[in-house]
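S.K.: Please find entry.tsv (TSV, C-alpha atoms) on the next line:
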chain	number	residue	atom	x	y	z
A	861	MET	CA	-8.87	22.01	24.40
A	862	THR	CA	-6.18	21.05	26.84
A	863	PRO	CA	-3.82	18.24	25.76
A	864	LYS	CA	-5.74	15.83	28.00
A	865	GLU	CA	-9.08	16.89	26.48
A	866	TRP	CA	-7.66	16.39	23.00
A	867	GLN	CA	-6.38	12.92	23.93
A	868	ASP	CA	-9.77	11.98	25.34
A	869	HIS	CA	-11.41	13.24	22.16
A	870	VAL	CA	-9.16	11.08	19.98
A	871	LEU	CA	-9.56	7.95	22.11
A	872	ALA	CA	-13.34	8.40	22.22
A	873	THR	CA	-13.54	7.62	18.49
A	874	PRO	CA	-15.96	4.67	18.26
A	875	ASN	CA	-14.49	1.24	17.67
A	876	PRO	CA	-14.11	-0.06	14.09
A	877	LEU	CA	-17.25	-2.20	14.29
A	878	GLN	CA	-19.38	0.96	14.36
A	879	TRP	CA	-20.03	3.11	11.32
A	880	ASP	CA	-19.10	6.42	12.96
A	881	CYS	CA	-15.53	5.26	13.66
A	882	PHE	CA	-14.14	7.86	11.23
A	883	SER	CA	-13.32	11.31	12.54
A	884	PHE	CA	-12.29	14.40	10.56
A	885	GLY	CA	-11.57	17.85	11.93
A	886	VAL	CA	-9.63	21.09	11.90
A	887	ILE	CA	-7.59	22.50	14.78
A	888	GLN	CA	-7.39	26.30	14.62
A	889	HIS	CA	-4.21	27.94	15.95
A	890	ALA	CA	-3.29	31.63	16.09
A	891	ASP	CA	-1.40	31.62	12.78
A	892	HIS	CA	-2.16	28.27	11.14
A	893	PHE	CA	-4.52	25.31	11.21
A	894	THR	CA	-4.18	21.56	11.21
A	895	PHE	CA	-6.45	19.16	9.36
A	896	TYR	CA	-6.69	15.71	10.90
A	897	VAL	CA	-8.23	12.36	10.09
A	898	ILE	CA	-8.77	9.53	12.57
A	899	VAL	CA	-9.53	6.09	11.17
A	900	ASP	CA	-8.91	2.59	12.49
A	901	HIS	CA	-6.35	0.56	10.57
A	902	VAL	CA	-8.98	-2.16	10.16
A	903	HIS	CA	-10.69	0.06	7.60
A	904	THR	CA	-7.80	1.04	5.37
A	905	ASP	CA	-4.33	0.10	4.28
A	906	PRO	CA	-1.47	2.65	4.42
A	907	MET	CA	-2.25	4.03	0.97
A	908	LEU	CA	-4.93	6.19	2.62
A	909	MET	CA	-2.19	8.44	3.98
A	910	ALA	CA	-0.90	9.26	0.52
A	911	VAL	CA	-4.34	9.58	-1.07
A	912	LEU	CA	-5.69	11.90	1.60
A	913	TYR	CA	-2.64	14.12	1.63
A	914	LEU	CA	-2.53	14.36	-2.16
A	915	GLU	CA	-6.19	15.37	-2.36
A	916	VAL	CA	-5.98	17.90	0.49
A	917	TYR	CA	-2.74	19.37	-0.92
A	918	MET	CA	-4.11	19.73	-4.45
A	919	MET	CA	-7.41	21.28	-3.33
A	920	TYR	CA	-5.94	23.65	-0.73
A	921	HIS	CA	-3.21	25.04	-2.97
A	922	ALA	CA	-5.66	25.60	-5.79
A	923	LEU	CA	-7.87	27.63	-3.46
A	924	VAL	CA	-5.06	29.74	-1.94
A	925	ARG	CA	-3.93	30.63	-5.47
A	926	GLY	CA	-7.41	31.94	-6.14
A	927	ALA	CA	-8.19	29.17	-8.59
A	928	ALA	CA	-11.36	27.15	-8.75
A	929	PRO	CA	-11.35	23.81	-6.92
A	930	ILE	CA	-9.69	21.33	-9.22
A	931	PRO	CA	-11.35	18.05	-10.16
A	932	LEU	CA	-9.89	15.24	-8.16
A	933	PRO	CA	-8.55	12.17	-9.96
A	934	PRO	CA	-11.28	9.53	-10.33
A	935	ALA	CA	-11.45	6.73	-7.78
A	936	SER	CA	-12.53	3.18	-8.45
A	937	SER	CA	-14.83	0.89	-6.45
A	938	TYR	CA	-13.56	-1.12	-3.51
A	939	ASP	CA	-16.75	-3.17	-3.77
A	940	ASP	CA	-15.81	-4.19	-7.30
A	941	TYR	CA	-12.35	-5.21	-6.13
A	942	CYS	CA	-13.83	-7.39	-3.36
A	943	ILE	CA	-16.24	-9.03	-5.80
A	944	ARG	CA	-13.39	-9.84	-8.21
A	945	GLN	CA	-11.34	-11.30	-5.38
A	946	ARG	CA	-14.27	-13.42	-4.24
A	947	GLN	CA	-14.83	-14.71	-7.75
A	948	HIS	CA	-11.16	-15.60	-8.12
A	949	THR	CA	-10.80	-17.41	-4.79
A	950	SER	CA	-14.09	-19.27	-5.22
A	951	ALA	CA	-12.76	-20.87	-8.40
A	952	LEU	CA	-9.66	-22.25	-6.68
A	953	SER	CA	-9.16	-25.86	-5.64
A	954	VAL	CA	-6.51	-27.63	-3.60
A	955	ASP	CA	-4.83	-28.51	-6.91
A	956	SER	CA	-4.54	-24.89	-8.09
A	957	PRO	CA	-0.84	-23.97	-8.50
A	958	GLU	CA	-1.08	-20.99	-6.11
A	959	VAL	CA	-2.74	-23.11	-3.43
A	960	ARG	CA	-0.14	-25.86	-3.82
A	961	LYS	CA	2.64	-23.30	-3.29
A	962	TRP	CA	0.95	-21.98	-0.14
A	963	VAL	CA	0.48	-25.54	1.16
A	964	GLU	CA	4.14	-26.38	0.55
A	965	PHE	CA	5.21	-23.20	2.33
A	966	ALA	CA	3.01	-23.97	5.35
A	967	GLU	CA	4.06	-27.62	5.51
A	968	ASN	CA	7.69	-26.49	5.68
A	969	ASN	CA	6.68	-24.51	8.79
A	970	ASP	CA	4.97	-27.21	10.82
A	971	GLY	CA	1.66	-26.85	9.00
A	972	THR	CA	1.14	-23.11	9.46
A	973	LEU	CA	2.88	-19.75	8.95
A	974	PRO	CA	6.41	-19.27	10.37
A	975	ASP	CA	6.74	-17.88	13.87
A	976	PHE	CA	9.19	-15.24	15.02
A	977	PRO	CA	12.45	-17.15	15.64
A	978	MET	CA	13.18	-15.87	19.15
A	979	PRO	CA	11.33	-16.17	22.49
A	980	LEU	CA	8.56	-13.65	23.19
A	981	GLY	CA	7.54	-14.63	26.69
A	982	ASP	CA	4.29	-16.13	27.97
A	983	ALA	CA	1.66	-15.49	25.31
A	984	SER	CA	-1.17	-16.23	27.78
A	985	ALA	CA	-0.16	-13.44	30.19
A	986	PRO	CA	-1.79	-10.07	29.38
A	987	CYS	CA	0.95	-7.48	28.96
A	988	GLY	CA	-0.16	-4.98	26.34
A	989	GLY	CA	2.09	-3.99	23.48
A	990	ASP	CA	5.08	-1.76	22.83
A	991	VAL	CA	7.17	-0.72	19.85
A	992	VAL	CA	10.88	-0.36	19.09
A	993	VAL	CA	11.94	2.00	16.27
A	994	GLU	CA	15.50	2.01	14.96
A	995	ARG	CA	17.19	3.76	12.03
A	996	LEU	CA	18.86	1.03	9.99
A	997	MET	CA	20.68	3.29	7.51
A	998	ASP	CA	21.07	6.99	6.84
A	999	GLU	CA	20.61	8.54	3.39
A	1000	GLN	CA	24.09	7.72	2.08
A	1001	GLN	CA	24.06	4.20	3.49
A	1002	THR	CA	20.64	3.58	1.94
A	1003	ALA	CA	21.94	4.65	-1.46
A	1004	ARG	CA	25.02	2.41	-1.17
A	1005	PHE	CA	22.85	-0.49	0.05
A	1006	GLU	CA	20.60	-0.14	-3.01
A	1007	SER	CA	23.66	-0.09	-5.29
A	1008	ALA	CA	24.81	-3.35	-3.69
A	1009	CYS	CA	21.38	-4.86	-4.31
A	1010	VAL	CA	21.42	-3.85	-7.98
A	1011	ALA	CA	24.99	-5.13	-8.40
A	1012	ALA	CA	23.81	-8.48	-7.01
A	1013	GLY	CA	20.96	-8.67	-9.52
A	1014	ALA	CA	18.26	-7.79	-6.99
A	1015	ARG	CA	16.18	-4.78	-5.97
A	1016	PHE	CA	16.07	-2.99	-2.64
A	1017	SER	CA	13.25	-5.28	-1.46
A	1018	GLY	CA	15.24	-8.44	-2.20
A	1019	GLY	CA	18.24	-6.99	-0.42
A	1020	LEU	CA	16.13	-6.16	2.61
A	1021	PHE	CA	14.67	-9.67	2.78
A	1022	ALA	CA	18.18	-11.09	2.42
A	1023	SER	CA	19.38	-8.91	5.29
A	1024	VAL	CA	16.63	-10.20	7.55
A	1025	ALA	CA	17.42	-13.78	6.52
A	1026	LEU	CA	21.11	-13.23	7.27
A	1027	ALA	CA	20.28	-11.62	10.61
A	1028	GLN	CA	18.15	-14.60	11.58
A	1029	TYR	CA	20.99	-16.92	10.58
A	1030	GLN	CA	23.35	-14.85	12.72
A	1031	LEU	CA	21.02	-15.21	15.73
A	1032	THR	CA	19.78	-18.78	15.33
A	1033	GLY	CA	21.85	-20.59	12.70
A	1034	ALA	CA	18.76	-21.19	10.52
A	1035	GLU	CA	20.01	-21.83	6.99
A	1036	THR	CA	16.60	-21.17	5.38
A	1037	TYR	CA	14.45	-18.12	6.01
A	1038	TYR	CA	10.68	-18.31	5.55
A	1039	GLY	CA	9.20	-14.86	5.20
A	1040	LEU	CA	5.89	-13.11	4.61
A	1041	THR	CA	5.35	-9.62	3.30
A	1042	PRO	CA	2.19	-7.67	2.44
A	1043	THR	CA	1.88	-6.07	-0.97
A	1044	ASP	CA	-0.44	-3.54	-2.55
A	1045	LYS	CA	-2.68	-5.07	-5.23
A	1046	ARG	CA	-3.87	-1.86	-6.88
A	1047	SER	CA	-3.35	-2.10	-10.63
A	1048	THR	CA	-5.00	0.94	-12.22
A	1049	PRO	CA	-4.61	4.73	-11.73
A	1050	ALA	CA	-8.17	4.87	-10.34
A	1051	GLU	CA	-7.42	2.12	-7.80
A	1052	PHE	CA	-4.36	4.04	-6.62
A	1053	MET	CA	-6.77	6.83	-5.64
A	1054	THR	CA	-9.10	4.50	-3.73
A	1055	ALA	CA	-9.12	3.74	0.00
A	1056	GLY	CA	-9.63	0.19	1.25
A	1057	TRP	CA	-7.71	-3.01	1.85
A	1058	PHE	CA	-6.15	-3.68	-1.57
A	1059	THR	CA	-3.60	-5.86	0.16
A	1060	GLY	CA	-2.36	-9.41	-0.16
A	1061	VAL	CA	0.46	-11.41	1.40
A	1062	ILE	CA	3.42	-12.96	-0.44
A	1063	PRO	CA	5.30	-15.88	1.14
A	1064	PHE	CA	8.95	-16.32	0.12
A	1065	THR	CA	11.80	-18.66	0.98
A	1066	VAL	CA	15.45	-17.63	1.21
A	1067	PRO	CA	18.35	-20.13	1.30
A	1068	VAL	CA	21.05	-18.31	3.25
A	1069	ASP	CA	24.63	-18.02	2.02
A	1070	ALA	CA	26.26	-16.51	5.09
A	1071	MET	CA	29.40	-15.56	3.18
A	1072	SER	CA	27.62	-13.83	0.27
A	1073	PHE	CA	25.02	-11.11	0.52
A	1074	GLY	CA	24.80	-11.13	-3.28
A	1075	ASN	CA	23.84	-14.81	-3.49
A	1076	THR	CA	21.32	-14.44	-0.68
A	1077	ALA	CA	19.78	-11.28	-2.17
A	1078	ARG	CA	19.33	-12.92	-5.59
A	1079	ALA	CA	17.67	-15.93	-4.00
A	1080	ALA	CA	15.36	-13.69	-1.96
A	1081	GLN	CA	14.40	-11.62	-4.99
A	1082	ASP	CA	13.78	-14.69	-7.15
A	1083	SER	CA	11.53	-16.27	-4.52
A	1084	PHE	CA	9.59	-13.05	-3.92
A	1085	ASP	CA	9.08	-12.42	-7.64
A	1086	SER	CA	8.05	-15.99	-8.45
A	1087	ASN	CA	5.47	-15.98	-5.64
A	1088	ARG	CA	3.82	-12.63	-6.37
A	1089	GLU	CA	0.65	-14.30	-7.67
A	1090	LEU	CA	0.14	-15.88	-4.24
A	1091	ALA	CA	-0.92	-12.45	-2.95
A	1092	ASN	CA	-4.23	-13.09	-4.74
A	1093	VAL	CA	-4.91	-16.08	-2.48
A	1094	PRO	CA	-5.64	-15.27	1.20
A	1095	PHE	CA	-4.25	-17.86	3.57
A	1096	ASP	CA	-7.73	-18.18	5.06
A	1097	ARG	CA	-8.88	-19.56	1.70
A	1098	VAL	CA	-5.95	-22.00	1.71
A	1099	LEU	CA	-7.07	-23.24	5.14
A	1100	GLU	CA	-10.53	-23.91	3.74
A	1101	LEU	CA	-9.09	-25.97	0.90
A	1102	ALA	CA	-6.37	-27.69	2.97
A	1103	PRO	CA	-7.93	-28.31	6.41
A	1104	TRP	CA	-4.92	-30.26	7.67
A	1105	LEU	CA	-3.07	-26.96	7.92
A	1106	ARG	CA	-3.34	-24.79	11.05
A	1107	ARG	CA	-4.29	-21.18	11.58
A	1108	PRO	CA	-1.20	-19.20	12.66
A	1109	GLY	CA	-0.67	-17.63	16.05
A	1110	PRO	CA	-0.26	-13.88	16.57
A	1111	ASN	CA	3.52	-13.78	16.17
A	1112	PHE	CA	4.21	-14.97	12.64
A	1113	THR	CA	7.03	-13.29	10.75
A	1114	MET	CA	5.24	-10.62	8.71
A	1115	LEU	CA	7.67	-7.97	7.43
A	1116	ASN	CA	6.10	-4.93	5.80
A	1117	TYR	CA	8.28	-2.83	3.48
A	1118	MET	CA	7.09	0.65	2.46
A	1119	ASP	CA	8.92	2.91	0.02
A	1120	ALA	CA	8.03	6.60	-0.22
A	1121	GLY	CA	9.30	6.62	-3.79
A	1122	LEU	CA	6.50	4.40	-5.05
A	1123	PRO	CA	3.18	5.72	-6.45
A	1124	PRO	CA	0.99	7.43	-5.50
A	1125	LEU	CA	3.17	8.73	-2.66
A	1126	SER	CA	5.86	9.58	-5.23
A	1127	ALA	CA	3.44	12.10	-6.72
A	1128	VAL	CA	3.02	13.65	-3.29
A	1129	VAL	CA	6.79	13.79	-2.89
A	1130	ALA	CA	6.96	15.66	-6.19
A	1131	SER	CA	4.49	18.13	-4.66
A	1132	GLN	CA	7.01	19.03	-1.95
A	1133	LEU	CA	5.87	16.66	0.80
A	1134	ASP	CA	9.49	16.66	1.96
A	1135	GLY	CA	9.00	20.18	3.33
A	1136	ALA	CA	5.44	19.75	4.54
A	1137	ASN	CA	4.33	19.43	8.14
A	1138	ALA	CA	2.48	16.14	7.74
A	1139	GLY	CA	2.71	12.89	9.62
A	1140	THR	CA	0.99	9.84	11.03
A	1141	TYR	CA	0.47	8.95	14.66
A	1142	GLY	CA	-0.62	5.90	16.62
A	1143	ASP	CA	-2.99	6.22	19.54
A	1144	GLY	CA	-0.65	4.46	21.95
A	1145	ARG	CA	-2.73	1.31	22.17
A	1146	ASN	CA	-0.12	-0.87	20.50
A	1147	PRO	CA	-1.15	-4.43	19.65
A	1148	ALA	CA	0.20	-7.18	21.88
A	1149	HIS	CA	1.46	-9.22	18.95
A	1150	LEU	CA	4.51	-9.13	16.72
A	1151	TYR	CA	4.56	-6.99	13.59
A	1152	MET	CA	7.59	-5.64	11.74
A	1153	THR	CA	7.74	-2.81	9.22
A	1154	VAL	CA	10.63	-1.19	7.37
A	1155	GLY	CA	10.15	2.24	5.84
A	1156	ARG	CA	12.36	3.90	3.26
A	1157	VAL	CA	11.83	7.66	3.19
A	1158	PHE	CA	13.77	10.66	1.93
A	1159	ASP	CA	16.78	10.54	4.20
A	1160	GLU	CA	16.84	7.16	5.94
A	1161	THR	CA	15.63	3.58	6.19
A	1162	SER	CA	14.12	2.67	9.55
A	1163	MET	CA	12.59	-0.39	11.19
A	1164	ALA	CA	9.72	-0.54	13.66
A	1165	VAL	CA	8.74	-3.70	15.53
A	1166	PHE	CA	5.56	-4.02	17.59
A	1167	PHE	CA	5.80	-6.72	20.23
A	1168	PRO	CA	4.25	-8.04	23.48
A	1169	ASN	CA	5.36	-5.72	26.27
A	1170	ASN	CA	7.32	-8.11	28.49
A	1171	PRO	CA	11.07	-8.28	29.26
A	1172	ILE	CA	11.69	-11.48	27.27
A	1173	ALA	CA	10.09	-10.13	24.10
A	1174	ARG	CA	11.82	-6.78	24.49
A	1175	GLU	CA	15.26	-8.40	24.73
A	1176	SER	CA	14.57	-10.64	21.74
A	1177	VAL	CA	13.26	-7.83	19.56
A	1178	THR	CA	16.13	-5.53	20.52
A	1179	ARG	CA	18.70	-8.17	19.56
A	1180	TYR	CA	16.82	-8.93	16.34
A	1181	VAL	CA	16.70	-5.29	15.22
A	1182	GLU	CA	20.38	-4.80	16.08
A	1183	ALA	CA	21.28	-7.86	13.99
A	1184	VAL	CA	19.28	-6.59	10.99
A	1185	LYS	CA	20.94	-3.18	11.29
A	1186	SER	CA	24.38	-4.78	11.52
A	1187	VAL	CA	23.84	-6.70	8.28
A	1188	CYS	CA	22.48	-3.65	6.43
A	1189	VAL	CA	25.39	-1.46	7.53
A	1190	ARG	CA	27.97	-4.09	6.53
A	1191	VAL	CA	26.39	-4.31	3.07
A	1192	ALA	CA	26.37	-0.52	2.79
A	1193	GLU	CA	30.07	-0.56	3.68
A	1194	GLY	CA	30.74	-2.86	0.73
A	1195	LEU	CA	31.20	-6.11	2.64
A	1196	ASP	CA	29.64	-8.97	0.66
A	1197	ALA	CA	30.15	-11.39	3.57
A	1198	ALA	CA	27.29	-9.79	5.49
A	1199	VAL	CA	27.58	-12.10	8.52
A	1200	PRO	CA	31.04	-12.72	9.95
A	1201	ARG	CA	31.39	-16.40	10.75
A	1202	HIS	CA	32.32	-15.72	14.38
A	1203	ASP	CA	29.02	-13.84	14.88
A	1204	VAL	CA	26.86	-16.87	14.13
A	1205	ALA	CA	25.29	-18.16	17.31
A	1206	GLN	CA	24.73	-21.67	16.07
A	1207	VAL	CA	25.85	-23.40	12.87
Mind turning this structure into structure tokens?

M.R.:
Amino acid sequence: MTPKEWQDHVLATPNPLQWDCFSFGVIQHADHFTFYVIVDHVHTDPMLMAVLYLEVYMMYHALVRGAAPIPLPPASSYDDYCIRQRQHTSALSVDSPEVRKWVEFAENNDGTLPDFPMPLGDASAPCGGDVVVERLMDEQQTARFESACVAAGARFSGGLFASVALAQYQLTGAETYYGLTPTDKRSTPAEFMTAGWFTGVIPFTVPVDAMSFGNTARAAQDSFDSNRELANVPFDRVLELAPWLRRPGPNFTMLNYMDAGLPPLSAVVASQLDGANAGTYGDGRNPAHLYMTVGRVFDETSMAVFFPNNPIARESVTRYVEAVKSVCVRVAEGLDAAVPRHDVAQV
């Protein structure tokens, strides 16, 4: 195939509402081959990348050593997971503690989920989507940043959420950050080997102390940890139980954090993924809404933001990412006052 023929082949994968929207194949080269999988994100959360690679790696290396194919670790049932979730959410009422927490969070954000704090242009004008990717910290800075988080009584995740809260304060003067982050809900070894959407969303609230990263990180970690059970309650279910709330628009402040050191990807790392030629690719049809993800891998921490492809959104997202990077770097440099007072746009 020519590159154009290969691109056409990839983009011809049926849409996710059709059963044959999964594509698997092998590309044969003169001295090596590439195994590929094409699947719409609607059908799986990011854990699929680790599960697929682990299984292919284990099976292939057993065969090239001349060994028999090894039994794969057992997988669980995604159907069973969905049934358990349905049973749990069906038993909830508006007076359930988790629902009350979600309602309070939404009411603090004008009756819905919090929007991105900067202008993104005319949402009614079709413009497609684009993405900005920026390295926040290199390997040494990431290690020093984590040490600062631990010294503050938080983990890397709490420090990251604090950095975003401080960046928003730097840009807007908002003294409270309302955040959302997805989390994996797998709880057994078999579930960690299962593809599907084992994903919930945790809301958290961060009071900002502009002169203390440590105070802000502890507050972020405490809020995140105390709200973990809310991931078992989809916001759609909350809307059913509290109809005075509103469905969010496409640009609410979801921040996804992925760490390559967590299982099962950590097992893949132990199997020398660091030296493997493996990766993930998007098809170029980026969504025309806002979505932010931070990834911590072997030698860096980076941030990607998908956004509506118009000049206003691009400027806002660029400034936002630069502010987050600035806070992270200052923390890595040992500066507890992560936001200099003269940098705050509005107090």

S.K.: Within 6 Å of (18.9, -11.4, 19.3) in the file's own coordinates, which protein, DNA or RNA residues have an atom, counting all atoms listed in the file? List them as a PyMOL selection string.

M.R.: chain A and resi 1031+1176+1179-1180

S.K.: Could you check which residues have any atom within 12 Å of (16.0, -17.4, -6.9), counting only C-alpha atoms with coordinates taken straight from the file, and then list them as a PDB file with C-alpha atoms, in the frame of the given file?

M.R.:
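Final output, saved to result-v5.pdb:
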ATOM      1  CA  ALA A1012      23.810  -8.480  -7.010  1.00  0.00           C
ATOM      2  CA  GLY A1013      20.960  -8.670  -9.520  1.00  0.00           C
ATOM      3  CA  ALA A1014      18.260  -7.790  -6.990  1.00  0.00           C
ATOM      4  CA  GLY A1018      15.240  -8.440  -2.200  1.00  0.00           C
ATOM      5  CA  ALA A1022      18.180 -11.090   2.420  1.00  0.00           C
ATOM      6  CA  PHE A1064       8.950 -16.320   0.120  1.00  0.00           C
ATOM      7  CA  THR A1065      11.800 -18.660   0.980  1.00  0.00           C
ATOM      8  CA  VAL A1066      15.450 -17.630   1.210  1.00  0.00           C
ATOM      9  CA  PRO A1067      18.350 -20.130   1.300  1.00  0.00           C
ATOM     10  CA  VAL A1068      21.050 -18.310   3.250  1.00  0.00           C
ATOM     11  CA  GLY A1074      24.800 -11.130  -3.280  1.00  0.00           C
ATOM     12  CA  ASN A1075      23.840 -14.810  -3.490  1.00  0.00           C
ATOM     13  CA  THR A1076      21.320 -14.440  -0.680  1.00  0.00           C
ATOM     14  CA  ALA A1077      19.780 -11.280  -2.170  1.00  0.00           C
ATOM     15  CA  ARG A1078      19.330 -12.920  -5.590  1.00  0.00           C
ATOM     16  CA  ALA A1079      17.670 -15.930  -4.000  1.00  0.00           C
ATOM     17  CA  ALA A1080      15.360 -13.690  -1.960  1.00  0.00           C
ATOM     18  CA  GLN A1081      14.400 -11.620  -4.990  1.00  0.00           C
ATOM     19  CA  ASP A1082      13.780 -14.690  -7.150  1.00  0.00           C
ATOM     20  CA  SER A1083      11.530 -16.270  -4.520  1.00  0.00           C
ATOM     21  CA  PHE A1084       9.590 -13.050  -3.920  1.00  0.00           C
ATOM     22  CA  ASP A1085       9.080 -12.420  -7.640  1.00  0.00           C
ATOM     23  CA  SER A1086       8.050 -15.990  -8.450  1.00  0.00           C
ATOM     24  CA  ASN A1087       5.470 -15.980  -5.640  1.00  0.00           C
TER      25      ASN A1087
END

S.K.: By how many Å are CA of Cys987 in chain A and CA of Ile1172 in chain A apart?

M.R.: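 Spanning CA of Cys987 in chain A to CA of Ile1172 in chain A is a straight-line distance of 11.6 Å.
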
S.K.: Here is a test: counting only C-alpha atoms, which residue of A:Leu1090, A:Leu980, A:Ile930, A:Val897 is nearest to Thr1041 in chain A?

M.R.: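 When distances to Thr1041 in chain A are compared using only C-alpha atoms, the smallest one comes from A:Leu1090.
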
S.K.: Would you mind telling me which residue in A:Gly981, A:Gly989, A:Pro931, A:Pro1049 lies nearest to Pro1168 in chain A when using all atoms listed in the file?

M.R.: A:Gly989
